[in-house]
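Visitor: I have a structure here, written as structure tokens, and I will follow up with some questions on it.
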Amino acid sequence: MTDSKSKETHKAVSIAEFFERNRHLLGFDNPTKALLTSVKEAVDNSLDACEAAKVLPEIKISLIDLGEDKFKMIVEDNGPGISKKHLTKSFGKLLYGSKFQSIGGKQGRGQQGIGISAVILYGQLTTGKPAKIISKTKDDDKARLYILHIDVKKNEPDIIESTGIEWDREHGIKVEVDMQAKYIEHRQSVIEYIKATAIVNPHAKIVYVAPSGEKLEFPRVTDKLPKPSKQIKPHPYGVELGILKRMIDGTKARSVKSFLMKEFDKIGSTSANDIIKIANNTLDVDAQINGKFLPKLLKPEQIERLLKGMQEAKIMKPSMDCLSPIGSELLKKSLDSEYSIDFSYAITRSPSVYRGNPFQIEIAIGYGGDLDPEGSVKMVRFANKVPLLYQEGACAITKAIKKMSWKSYGLSQSSGNMPTGAAIVLVHMASVWVPFTSEGKEAIANYPEIIKETKLALQECGRSLYRYVARRQRAEIEAKKREKFKAYSGEVARSVANLITDESFKLSTEDLEKKAKKIHEQLLKIAESMYMSEIELSKVEEAETEKEEAEELKKLEKAEKKIDKEEKEGAEEIAEEKELEAERKEEKAEFKEDEE
């Protein structure tokens with residue numbers, strides 16, 4: 001009886017059916033956010049596809065108002081297209097794609113293979129209409145039109161129509177999805193997302209057609225594609241027990257030592273020996289791990305100790321060529337092109353690591369211009385070149401900004417709040433695996449390493465901002481003094497003319513004014529030389545900065561010489577130890593011969 005009831009009440013649910021019921025997990029909380037999420041997922045796919053094919057992206061986004069809170073989203077790109085074999089599943093099956101990496105990997109916009117198929121799922125759920133996809137690869141004579149649904153029960157594409165058509169593009173993808181949505185223009189809107197995307201993807205040309213028909217173009221700032229990220233193996237510090245067991249089950253390595261060296265990043269022969277040694281420190285003699293053991297024969301307790309050895313051994317930081325940062329120069333250039341500002345500064349920090357995952361923080365700061373001097377500082381967050389527009393309060397980036405003491409850098413701030421002033425702060429995190437707080441990928445988790453790196457970058461930008469603000473304030477004070485001096489200079493000139501002229505009372509007013517005019521001109525020249533302009537202050541500051549940098553360089557050179565000396569002494573000590581060891585071996589060999 002119990003078995004019968006169990007069969008009636010328990011059933012497997014497909015991933016598509018799960019997300020259909022829990023669409024809020026993917027960013028489809030409401031019609032406004034759903035439209036933004038849909039555009040974001042489609043644009044992310046286009047940018048990734050173009051970069052993978054080494055094509056400068058050209059993306060067109062169109063939103064058409066269908067009435068009754070329904071919109072048609074059309075996103076078209078010049079990417080390589082997708083072959084017939086993979087296209088229907090890429091768009092009609094959730095958790096299908098080339099981006100998912102449980103361990104290791106490289107920097108990329110997507111991480112799960114859910115995005116664009118979730119958009120199609122949301123569209124069919126809210127309008128009942130199928131999606132239209134046009135794809136053409138370079139080898140195709142004709143483009144191919146697919147009209148499809150997602151079979152929610154099976155999580156498989158349900159193809160309604162597939163036919164060849166003429167298309168004026170040499171290669172690319174065009175996606176059309178009807179959906180229930182609401183279009184608004186504010187901070188968390190489609191236009192804000194596109195503007196932010198253009199900043200962190202300076203190599204892309206983006207055209208946006210709003211529901212009103214207004215066309216906006218965001219031209220590319222550079223014709224150079226970003227540095228491609230490379231795939232890396234997992235780093236031992238970022239591996240957990242379950243993953244390690246799975247890796248052992250799937251490895252082709254014939255020994256534990258070769259398994260460690262072949263399957264992980266930055267483990268060489270010495271590191272592998274250290275890991276095994278640490279693991280054996282807490283194992284009984286009869287359970288000791290031999291580096292020549294077949295990995296698949298390791299027992300659960302041995303695998304646990306092996307993991308402990310991996311986490312405690314001294315291993316180099318992961319390879320960093322898996323990252324593809326924007327670069328401070330391009331980030332600054334993009335910020336200047338999108339916003340009307342008086343000052344900008346950008347920095348790209350050296351790569352760092354959290355839980356064995358490489359990451360890099362980049363920050364750009366802008367000040368003045370058309371920015372609101374009374375409101376909160378405008379903050380724009382990015383992860384792997386994708387804008388983060390929601391869950392601002394839950395993000396590590398926000399936490400790092402609020403923790404800063406912005407008063408020291410020329411901005412107003414109440415304790416624990418966002419600073420206020422005519423400034424904008426852009427923060428970009430590039431990583432192999434961004435620790436998002438949810439599947440919607442809207443906020444970065446509060447890892448101490450991420451907050452620390454963000455704060456260090458903010459401090460450097462803050463110092464540069466303070467120098468500019470202080471210079472500007474000083475220039476304003478100097479300008480006011482200059483104007484006051486000029487305002488009284490005419491009266492002073494006349495008084496001086498009277499004082500220096502003998503029997504000035506005999507002179508006519510006209511003659512006295514002529515003398516006063518010459519003195520007045522001299523006073524005006526003095527005013528210009530006595531009070532410096534902002535440009536002159538900037539030159540003085542640059543000279544001081546150059547002097548400071550020269551001093552820092554001398555200190556670095558001195559420190560490097562000291563390190564070289566220590567290394568040389570260390571090398572000499574090692575050489576002496578080797579000589580002594582060789583002598584001991586010779587003595588042992590001679591003693592052995594004598595005994596024989």
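Residue numbers start at 1 in each chain; chains themselves are named A, B, ... in the order of the structure tokens; ligands are numbered from 1 in the order shown.
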For the contact check between range 169-228 of chain A and range 23-40 of chain A, emit one row per residue of range 169-228 of chain A within 12 Å, containing the shortest atom pair and the distance in Å rounded to one decimal, counting only C-alpha atoms, chain then rising number order, as CSV.

Guide:
residue,atom,partner,partner_atom,distance
A:Val175,CA,A:Val39,CA,10.5
A:Glu176,CA,A:Ser38,CA,10.8
A:Val177,CA,A:Ser38,CA,9.0
A:Asp178,CA,A:Leu35,CA,10.2
A:Met179,CA,A:Leu35,CA,8.0
A:Gln180,CA,A:Pro31,CA,6.2
A:Ala181,CA,A:Pro31,CA,4.1
A:Lys182,CA,A:Thr32,CA,4.6
A:Tyr183,CA,A:Thr32,CA,6.1
A:Ile184,CA,A:Thr32,CA,7.3
A:Glu185,CA,A:Thr32,CA,10.1
A:His186,CA,A:Thr32,CA,10.9
A:Arg187,CA,A:Leu36,CA,11.6
A:Gln188,CA,A:Leu36,CA,8.2
A:Ser189,CA,A:Leu36,CA,6.5
A:Val190,CA,A:Leu36,CA,5.3
A:Ile191,CA,A:Leu36,CA,9.1
A:Glu192,CA,A:Leu36,CA,9.7
A:Tyr193,CA,A:Lys40,CA,7.7
A:Ile194,CA,A:Lys40,CA,8.5
A:Lys195,CA,A:Lys40,CA,11.9
A:Ala196,CA,A:Lys40,CA,11.2
A:Thr197,CA,A:Lys40,CA,9.2
A:Tyr208,CA,A:Val39,CA,10.8

Visitor: Residues near Lys233 in chain A, anyone? I mean within 9 Å using only C-alpha atoms, not counting same-chain ones fewer than 6 positions away, as a PDB file with all heavy atoms, in the first residue's frame.

Guide:
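Saved as result21.pdb:
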ATOM      1  N   ILE A 103      34.930  22.961 -12.626  1.00  0.00           N
ATOM      2  CA  ILE A 103      36.261  23.247 -12.072  1.00  0.00           C
ATOM      3  C   ILE A 103      37.149  23.770 -13.187  1.00  0.00           C
ATOM      4  O   ILE A 103      36.953  23.459 -14.356  1.00  0.00           O
ATOM      5  CB  ILE A 103      36.903  21.973 -11.452  1.00  0.00           C
ATOM      6  CG1 ILE A 103      36.745  20.787 -12.409  1.00  0.00           C
ATOM      7  CG2 ILE A 103      36.320  21.673 -10.099  1.00  0.00           C
ATOM      8  CD1 ILE A 103      37.428  19.534 -11.939  1.00  0.00           C
ATOM      9  N   GLY A 104      38.162  24.562 -12.801  1.00  0.00           N
ATOM     10  CA  GLY A 104      39.050  25.109 -13.829  1.00  0.00           C
ATOM     11  C   GLY A 104      38.291  26.074 -14.720  1.00  0.00           C
ATOM     12  O   GLY A 104      37.411  26.798 -14.277  1.00  0.00           O
ATOM     13  N   GLY A 105      38.629  26.087 -16.009  1.00  0.00           N
ATOM     14  CA  GLY A 105      37.900  26.912 -16.968  1.00  0.00           C
ATOM     15  C   GLY A 105      38.627  28.169 -17.364  1.00  0.00           C
ATOM     16  O   GLY A 105      39.845  28.288 -17.233  1.00  0.00           O
ATOM     17  N   LYS A 262      49.175  16.047 -13.630  1.00  0.00           N
ATOM     18  CA  LYS A 262      48.482  16.189 -14.919  1.00  0.00           C
ATOM     19  C   LYS A 262      47.122  16.876 -14.813  1.00  0.00           C
ATOM     20  O   LYS A 262      46.701  17.581 -15.721  1.00  0.00           O
ATOM     21  CB  LYS A 262      48.285  14.809 -15.563  1.00  0.00           C
ATOM     22  CG  LYS A 262      49.576  14.202 -16.099  1.00  0.00           C
ATOM     23  CD  LYS A 262      49.301  12.817 -16.676  1.00  0.00           C
ATOM     24  CE  LYS A 262      50.580  12.161 -17.187  1.00  0.00           C
ATOM     25  NZ  LYS A 262      50.333  10.791 -17.689  1.00  0.00           N
ATOM     26  N   GLU A 263      46.420  16.661 -13.702  1.00  0.00           N
ATOM     27  CA  GLU A 263      45.035  17.129 -13.600  1.00  0.00           C
ATOM     28  C   GLU A 263      44.890  18.499 -12.942  1.00  0.00           C
ATOM     29  O   GLU A 263      43.809  19.081 -12.976  1.00  0.00           O
ATOM     30  CB  GLU A 263      44.194  16.116 -12.807  1.00  0.00           C
ATOM     31  CG  GLU A 263      44.174  14.714 -13.383  1.00  0.00           C
ATOM     32  CD  GLU A 263      43.397  14.603 -14.678  1.00  0.00           C
ATOM     33  OE1 GLU A 263      42.704  15.571 -15.038  1.00  0.00           O
ATOM     34  OE2 GLU A 263      43.489  13.552 -15.347  1.00  0.00           O
ATOM     35  N   PHE A 264      45.963  19.016 -12.324  1.00  0.00           N
ATOM     36  CA  PHE A 264      45.853  20.275 -11.599  1.00  0.00           C
ATOM     37  C   PHE A 264      46.846  21.315 -12.110  1.00  0.00           C
ATOM     38  O   PHE A 264      47.903  20.977 -12.629  1.00  0.00           O
ATOM     39  CB  PHE A 264      46.078  20.055 -10.092  1.00  0.00           C
ATOM     40  CG  PHE A 264      44.990  19.240  -9.449  1.00  0.00           C
ATOM     41  CD1 PHE A 264      45.136  17.859  -9.313  1.00  0.00           C
ATOM     42  CD2 PHE A 264      43.828  19.834  -9.005  1.00  0.00           C
ATOM     43  CE1 PHE A 264      44.134  17.099  -8.734  1.00  0.00           C
ATOM     44  CE2 PHE A 264      42.821  19.076  -8.427  1.00  0.00           C
ATOM     45  CZ  PHE A 264      42.973  17.715  -8.282  1.00  0.00           C
ATOM     46  N   ASP A 265      46.450  22.574 -11.910  1.00  0.00           N
ATOM     47  CA  ASP A 265      47.293  23.707 -12.296  1.00  0.00           C
ATOM     48  C   ASP A 265      48.361  23.958 -11.230  1.00  0.00           C
ATOM     49  O   ASP A 265      48.080  23.910 -10.031  1.00  0.00           O
ATOM     50  CB  ASP A 265      46.402  24.944 -12.455  1.00  0.00           C
ATOM     51  CG  ASP A 265      47.139  26.146 -13.009  1.00  0.00           C
ATOM     52  OD1 ASP A 265      48.071  25.941 -13.811  1.00  0.00           O
ATOM     53  OD2 ASP A 265      46.791  27.285 -12.644  1.00  0.00           O
ATOM     54  N   LYS A 266      49.584  24.215 -11.679  1.00  0.00           N
ATOM     55  CA  LYS A 266      50.716  24.619 -10.824  1.00  0.00           C
ATOM     56  C   LYS A 266      51.222  23.536  -9.868  1.00  0.00           C
ATOM     57  O   LYS A 266      51.857  23.861  -8.863  1.00  0.00           O
ATOM     58  CB  LYS A 266      50.346  25.882 -10.016  1.00  0.00           C
ATOM     59  CG  LYS A 266      50.080  27.121 -10.870  1.00  0.00           C
ATOM     60  CD  LYS A 266      51.311  27.510 -11.662  1.00  0.00           C
ATOM     61  CE  LYS A 266      51.056  28.750 -12.515  1.00  0.00           C
ATOM     62  NZ  LYS A 266      52.209  29.106 -13.343  1.00  0.00           N
ATOM     63  N   PRO A 318      47.402  30.335  -9.212  1.00  0.00           N
ATOM     64  CA  PRO A 318      46.970  29.781 -10.500  1.00  0.00           C
ATOM     65  C   PRO A 318      47.508  30.579 -11.691  1.00  0.00           C
ATOM     66  O   PRO A 318      47.904  31.736 -11.545  1.00  0.00           O
ATOM     67  CB  PRO A 318      45.442  29.888 -10.439  1.00  0.00           C
ATOM     68  CG  PRO A 318      45.108  30.091  -9.020  1.00  0.00           C
ATOM     69  CD  PRO A 318      46.273  30.758  -8.390  1.00  0.00           C
ATOM     70  N   SER A 319      47.496  29.956 -12.860  1.00  0.00           N
ATOM     71  CA  SER A 319      47.864  30.652 -14.103  1.00  0.00           C
ATOM     72  C   SER A 319      46.874  31.789 -14.323  1.00  0.00           C
ATOM     73  O   SER A 319      45.684  31.637 -14.074  1.00  0.00           O
ATOM     74  CB  SER A 319      47.815  29.692 -15.285  1.00  0.00           C
ATOM     75  OG  SER A 319      48.647  28.584 -15.058  1.00  0.00           O
TER      76      SER A 319
END

Visitor: Hey, can you check how far CA of Lys106 in chain A sits from CA of Ile134 in chain A?

Guide: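 Separation between CA of Lys106 in chain A and CA of Ile134 in chain A: 28.7 Å.
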
Visitor: Please indicate the distance in Å from CA of Asp48 in chain A to CA of Gln231 in chain A, rounded to one decimal place.

Guide: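 For CA of Asp48 in chain A relative to CA of Gln231 in chain A, the distance reads 14.9 Å.
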
Visitor: Any chance you could list, as a ChimeraX atom specification, the residues in range 149-250 of chain A that come up alpha helix (DSSP H) when DSSP is run on the backbone?

Guide: /A:190-200,241-250

Visitor: From a DSSP calculation on the backbone, collect every residue of range 136-294 of chain A in strand (DSSP E) and output the set as an MDAnalysis selection string.

Guide: chainID A and resid 136 143:151 156:165 172:180 205:209 215:218

Visitor: So which residues touch Ala313 in chain A within 8 Å, counting only C-alpha atoms, skipping near sequence neighbours fewer than 3 positions away, as a short mmCIF file (atom, residue, chain, number, x, y, z; two decimals) with N, CA and C atoms, in the first residue's frame?

Guide:
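Dumped to selection.cif:
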data_model
loop_
_atom_site.label_atom_id
_atom_site.label_comp_id
_atom_site.auth_asym_id
_atom_site.auth_seq_id
_atom_site.Cartn_x
_atom_site.Cartn_y
_atom_site.Cartn_z
N SER A 271 55.89 19.76 -5.66
CA SER A 271 54.60 20.04 -5.01
C SER A 271 53.82 18.75 -4.78
N ASP A 274 55.22 16.98 -1.83
CA ASP A 274 54.84 17.68 -0.59
C ASP A 274 53.41 17.35 -0.19
N ILE A 275 52.51 17.31 -1.19
CA ILE A 275 51.10 17.00 -0.91
C ILE A 275 50.96 15.60 -0.32
N ILE A 278 52.34 15.52 3.32
CA ILE A 278 51.40 16.12 4.29
C ILE A 278 50.22 15.17 4.54
N GLY A 309 46.30 17.61 2.14
CA GLY A 309 47.64 17.89 1.65
C GLY A 309 47.63 18.94 0.55
N MET A 310 46.63 18.88 -0.34
CA MET A 310 46.51 19.85 -1.44
C MET A 310 46.25 21.26 -0.91
#

Visitor: Which of these residues is nearest to Lys486 in chain A, using only C-alpha atoms: A:Pro236, A:Thr501, A:Ile363, A:His520?

Guide: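 Going through A:Pro236, A:Thr501, A:Ile363, A:His520 one by one, the smallest distance to Lys486 in chain A is for A:His520.
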
Visitor: Name all residues at most 9 Å from Ser350 in chain A (count only C-alpha atoms; drop same-chain ones fewer than 4 positions away) and give them as a list in words.

Guide: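 Those residues are Phe359, Gln360 and Ile361 of chain A.
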
Visitor: Counting only C-alpha atoms, what is within 8 Å of Ile59 in chain A, bar same-chain residues fewer than 2 positions away, as a PyMOL selection string?

Guide: chain A and resi 43+46+57+61+75-78+204-207

Visitor: Those same residues - all heavy atoms - I'd like them written as a PDB file, in the first residue's frame.

Guide:
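Result saved to part29.pdb:
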ATOM      1  N   VAL A  43      22.375  39.473 -25.774  1.00  0.00           N
ATOM      2  CA  VAL A  43      23.580  40.255 -26.099  1.00  0.00           C
ATOM      3  C   VAL A  43      24.840  39.544 -25.605  1.00  0.00           C
ATOM      4  O   VAL A  43      25.862  39.519 -26.296  1.00  0.00           O
ATOM      5  CB  VAL A  43      23.473  41.680 -25.512  1.00  0.00           C
ATOM      6  CG1 VAL A  43      24.800  42.431 -25.650  1.00  0.00           C
ATOM      7  CG2 VAL A  43      22.367  42.462 -26.213  1.00  0.00           C
ATOM      8  N   SER A  46      25.770  36.943 -28.070  1.00  0.00           N
ATOM      9  CA  SER A  46      26.318  37.529 -29.298  1.00  0.00           C
ATOM     10  C   SER A  46      27.775  37.949 -29.110  1.00  0.00           C
ATOM     11  O   SER A  46      28.628  37.667 -29.950  1.00  0.00           O
ATOM     12  CB  SER A  46      25.483  38.748 -29.714  1.00  0.00           C
ATOM     13  OG  SER A  46      24.185  38.356 -30.083  1.00  0.00           O
ATOM     14  N   PRO A  57      32.436  42.568 -32.895  1.00  0.00           N
ATOM     15  CA  PRO A  57      30.973  42.452 -32.797  1.00  0.00           C
ATOM     16  C   PRO A  57      30.216  43.651 -33.366  1.00  0.00           C
ATOM     17  O   PRO A  57      30.587  44.801 -33.144  1.00  0.00           O
ATOM     18  CB  PRO A  57      30.726  42.336 -31.285  1.00  0.00           C
ATOM     19  CG  PRO A  57      32.042  41.987 -30.684  1.00  0.00           C
ATOM     20  CD  PRO A  57      33.074  42.607 -31.571  1.00  0.00           C
ATOM     21  N   ILE A  61      19.858  45.655 -31.518  1.00  0.00           N
ATOM     22  CA  ILE A  61      18.792  45.273 -30.586  1.00  0.00           C
ATOM     23  C   ILE A  61      17.563  46.105 -30.923  1.00  0.00           C
ATOM     24  O   ILE A  61      17.637  47.345 -30.956  1.00  0.00           O
ATOM     25  CB  ILE A  61      19.211  45.545 -29.119  1.00  0.00           C
ATOM     26  CG1 ILE A  61      20.529  44.826 -28.807  1.00  0.00           C
ATOM     27  CG2 ILE A  61      18.130  45.128 -28.145  1.00  0.00           C
ATOM     28  CD1 ILE A  61      21.435  45.598 -27.900  1.00  0.00           C
ATOM     29  N   VAL A  75      17.236  40.456 -31.544  1.00  0.00           N
ATOM     30  CA  VAL A  75      18.678  40.691 -31.382  1.00  0.00           C
ATOM     31  C   VAL A  75      19.399  39.997 -32.527  1.00  0.00           C
ATOM     32  O   VAL A  75      19.226  38.797 -32.758  1.00  0.00           O
ATOM     33  CB  VAL A  75      19.187  40.170 -30.019  1.00  0.00           C
ATOM     34  CG1 VAL A  75      20.698  40.369 -29.922  1.00  0.00           C
ATOM     35  CG2 VAL A  75      18.492  40.888 -28.866  1.00  0.00           C
ATOM     36  N   GLU A  76      20.191  40.779 -33.247  1.00  0.00           N
ATOM     37  CA  GLU A  76      20.886  40.280 -34.445  1.00  0.00           C
ATOM     38  C   GLU A  76      22.378  40.563 -34.319  1.00  0.00           C
ATOM     39  O   GLU A  76      22.775  41.638 -33.859  1.00  0.00           O
ATOM     40  CB  GLU A  76      20.305  41.008 -35.656  1.00  0.00           C
ATOM     41  CG  GLU A  76      20.831  40.566 -36.993  1.00  0.00           C
ATOM     42  CD  GLU A  76      20.151  41.324 -38.131  1.00  0.00           C
ATOM     43  OE1 GLU A  76      19.104  41.970 -37.911  1.00  0.00           O
ATOM     44  OE2 GLU A  76      20.699  41.285 -39.240  1.00  0.00           O
ATOM     45  N   ASP A  77      23.219  39.597 -34.706  1.00  0.00           N
ATOM     46  CA  ASP A  77      24.675  39.808 -34.618  1.00  0.00           C
ATOM     47  C   ASP A  77      25.380  39.298 -35.869  1.00  0.00           C
ATOM     48  O   ASP A  77      24.776  38.648 -36.728  1.00  0.00           O
ATOM     49  CB  ASP A  77      25.252  39.136 -33.354  1.00  0.00           C
ATOM     50  CG  ASP A  77      25.144  37.624 -33.381  1.00  0.00           C
ATOM     51  OD1 ASP A  77      25.577  37.009 -34.385  1.00  0.00           O
ATOM     52  OD2 ASP A  77      24.638  37.031 -32.408  1.00  0.00           O
ATOM     53  N   ASN A  78      26.661  39.593 -35.954  1.00  0.00           N
ATOM     54  CA  ASN A  78      27.490  39.163 -37.089  1.00  0.00           C
ATOM     55  C   ASN A  78      28.452  38.054 -36.678  1.00  0.00           C
ATOM     56  O   ASN A  78      29.542  37.922 -37.219  1.00  0.00           O
ATOM     57  CB  ASN A  78      28.276  40.345 -37.659  1.00  0.00           C
ATOM     58  CG  ASN A  78      29.294  40.901 -36.649  1.00  0.00           C
ATOM     59  OD1 ASN A  78      29.059  40.838 -35.439  1.00  0.00           O
ATOM     60  ND2 ASN A  78      30.409  41.421 -37.121  1.00  0.00           N
ATOM     61  N   ALA A 204      33.024  46.643 -29.375  1.00  0.00           N
ATOM     62  CA  ALA A 204      31.732  46.295 -29.977  1.00  0.00           C
ATOM     63  C   ALA A 204      31.004  47.537 -30.512  1.00  0.00           C
ATOM     64  O   ALA A 204      31.058  48.609 -29.913  1.00  0.00           O
ATOM     65  CB  ALA A 204      30.856  45.593 -28.951  1.00  0.00           C
ATOM     66  N   LYS A 205      30.324  47.354 -31.632  1.00  0.00           N
ATOM     67  CA  LYS A 205      29.433  48.383 -32.162  1.00  0.00           C
ATOM     68  C   LYS A 205      28.010  47.929 -31.863  1.00  0.00           C
ATOM     69  O   LYS A 205      27.615  46.819 -32.257  1.00  0.00           O
ATOM     70  CB  LYS A 205      29.632  48.545 -33.671  1.00  0.00           C
ATOM     71  CG  LYS A 205      28.677  49.551 -34.308  1.00  0.00           C
ATOM     72  CD  LYS A 205      28.811  49.567 -35.830  1.00  0.00           C
ATOM     73  CE  LYS A 205      27.762  50.487 -36.452  1.00  0.00           C
ATOM     74  NZ  LYS A 205      27.830  50.459 -37.937  1.00  0.00           N
ATOM     75  N   ILE A 206      27.249  48.753 -31.155  1.00  0.00           N
ATOM     76  CA  ILE A 206      25.894  48.367 -30.757  1.00  0.00           C
ATOM     77  C   ILE A 206      24.897  49.401 -31.273  1.00  0.00           C
ATOM     78  O   ILE A 206      25.090  50.609 -31.115  1.00  0.00           O
ATOM     79  CB  ILE A 206      25.776  48.244 -29.217  1.00  0.00           C
ATOM     80  CG1 ILE A 206      26.797  47.224 -28.692  1.00  0.00           C
ATOM     81  CG2 ILE A 206      24.366  47.841 -28.806  1.00  0.00           C
ATOM     82  CD1 ILE A 206      26.866  47.126 -27.180  1.00  0.00           C
ATOM     83  N   VAL A 207      23.839  48.905 -31.899  1.00  0.00           N
ATOM     84  CA  VAL A 207      22.747  49.765 -32.377  1.00  0.00           C
ATOM     85  C   VAL A 207      21.483  49.361 -31.624  1.00  0.00           C
ATOM     86  O   VAL A 207      21.160  48.175 -31.530  1.00  0.00           O
ATOM     87  CB  VAL A 207      22.524  49.605 -33.901  1.00  0.00           C
ATOM     88  CG1 VAL A 207      21.341  50.441 -34.361  1.00  0.00           C
ATOM     89  CG2 VAL A 207      23.781  50.001 -34.666  1.00  0.00           C
TER      90      VAL A 207
END

Visitor: Within 7 Å of Ile159 in chain A, counting only C-alpha atoms, which residues show up once you throw out same-chain ones fewer than 5 positions away? Write them as a PyMOL selection string, please.

Guide: chain A and resi 147-149
